[in-house]
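J.: Below is one structure. I have some questions about it.
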Amino acid sequence: MPHLELASVSKAFKSNKVLDDISLAADAGEIVVIFGPSGTGKTVLLRLIAGVEEPTAGTISIDDQDMADVAPEHRDVGMAFQNFALFPHLDAFENIATPLRARAQSATQIREGVARVARLLKIDHVLGHAPRQLSNGQKQRTALARALASSPKLLLLDDPLRNVDAKLRFEMRLELPRLLREAGSTVLYVTQDYKEAMALADRIAVLANGKFVQIASPDEIYRHPATVNVARLFGDPTINLIETTVGEGTTIDLAGETVEIDKAYAGLKGRPVTFGVRPEAVELGLGAGLKARVMAVTPLNERTVLLLQTRGGAELLASLPSSSPAIPKAESEVAISFNPIGTHLFDRETGSALARGRA
């Protein structure tokens, strides 16, 4: 039995439908990341689960209990926001203690509960500080500590790292999975950052235009995106996309040149498609293969990105380990091929991924 279940949930504000017939089940202790661009309804979804907003249609169940008539304070839900939402007149200790006081816990229980999460999040040395005295990182940890303090069965995190600096965001990506698993809560985590989603999630639910377009593990979403738009959202640099038509056998036309693709795509002759290839799946050599000129070489820490142009004028990005001894120089000519693992065909009209092995 899932701990949290959304069944055909919709939400509209007057004529504006923000969420449209979405369903999701999350198991106890699972971390599900709700991922998508700004304005897709991610925060609205959390507010529905928390009970701050009511759904227009559908049901939200926690521990198999319909939440339709359950007030927010009785749902056993903790929540942390991207803007921290700390009470400015309370110090860090009292901010964290808020949900414990709401449950009428004893002074000893409150003191021990605050100390436990403060140690966990390494903010026990600033518990006497007012929010204005805290750095953004300390504010973020204080907000998270408040959400964790009452050991809620369900934890809703609304892009909590968005307003902190890049260094802390990187550190928290490493720390948060351990912290959340130690808390033992079922977690719904909203973010627009695909790296954050990949680092934290057991499963990612991609939200677009008010619907979940794919719910799967991070590896599955990256390796087998359900649509061309999902493929675009994951990866840096982004996936190469070229509109073309499938030719004889398993070939496509790439700017006037015939290129062999994964043989598993047999049976699609004449189909208008979008060919997608991950930059790391563009393989370089000096022998036979599609010829391309290296237009630019850009080192990016562990990876080096190359802009390539085929003789027919098609432009592709390739990504190589910066430690590679054979990174070509700008203006040199290389032969390129495509690793099937990182290549995809999408229906040009619908954008849906075409399954290997059948039309």
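Just remember, in the structure tokens the first chain shown is A, the second B, etc., residues are 1-based per chain, and ligands are 1-based in the order shown.
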What's the 12 Å shell around Val33 of chain A, counting only C-alpha atoms, without same-chain residues fewer than 3 positions away, as a PyMOL selection string?
T.: chain A and resi 24+26+30+36+42+46+155-159+177+186-207+212+214-218
J.: When DSSP is applied to the backbone of this structure, which of segment 104-177 of chain A are assigned helix (DSSP H, G or I)? Write them out as JSON, numbers by chain.
T.: {"A": [107, 108, 109, 110, 111, 112, 113, 114, 115, 116, 117, 118, 119, 120, 124, 125, 126, 131, 132, 133, 136, 137, 138, 139, 140, 141, 142, 143, 144, 145, 146, 147, 148, 149, 166, 167, 168, 169, 170, 171, 172, 173, 174, 175, 176, 177]}
J.: Kindly indicate which residue among A:Phe87, A:Glu315, A:Ile336, A:Arg303 lies nearest to Glu260 of chain A, using only C-alpha atoms for the distances.
T.: A:Ile336
J.: I'd like to know which of A:Glu54, A:Glu94, A:Glu171, A:Glu280 is closest to Arg223 of chain A, using only C-alpha atoms.
T.: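 Looking at the shortest contact to Arg223 of chain A, the residue is A:Glu280.
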J.: Quick check, in Å to one decimal: how far apart do atom CA of Leu161 of chain A and atom CA of Asn83 of chain A lie?
T.: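 For atom CA of Leu161 of chain A relative to atom CA of Asn83 of chain A, the distance reads 9.2 Å.
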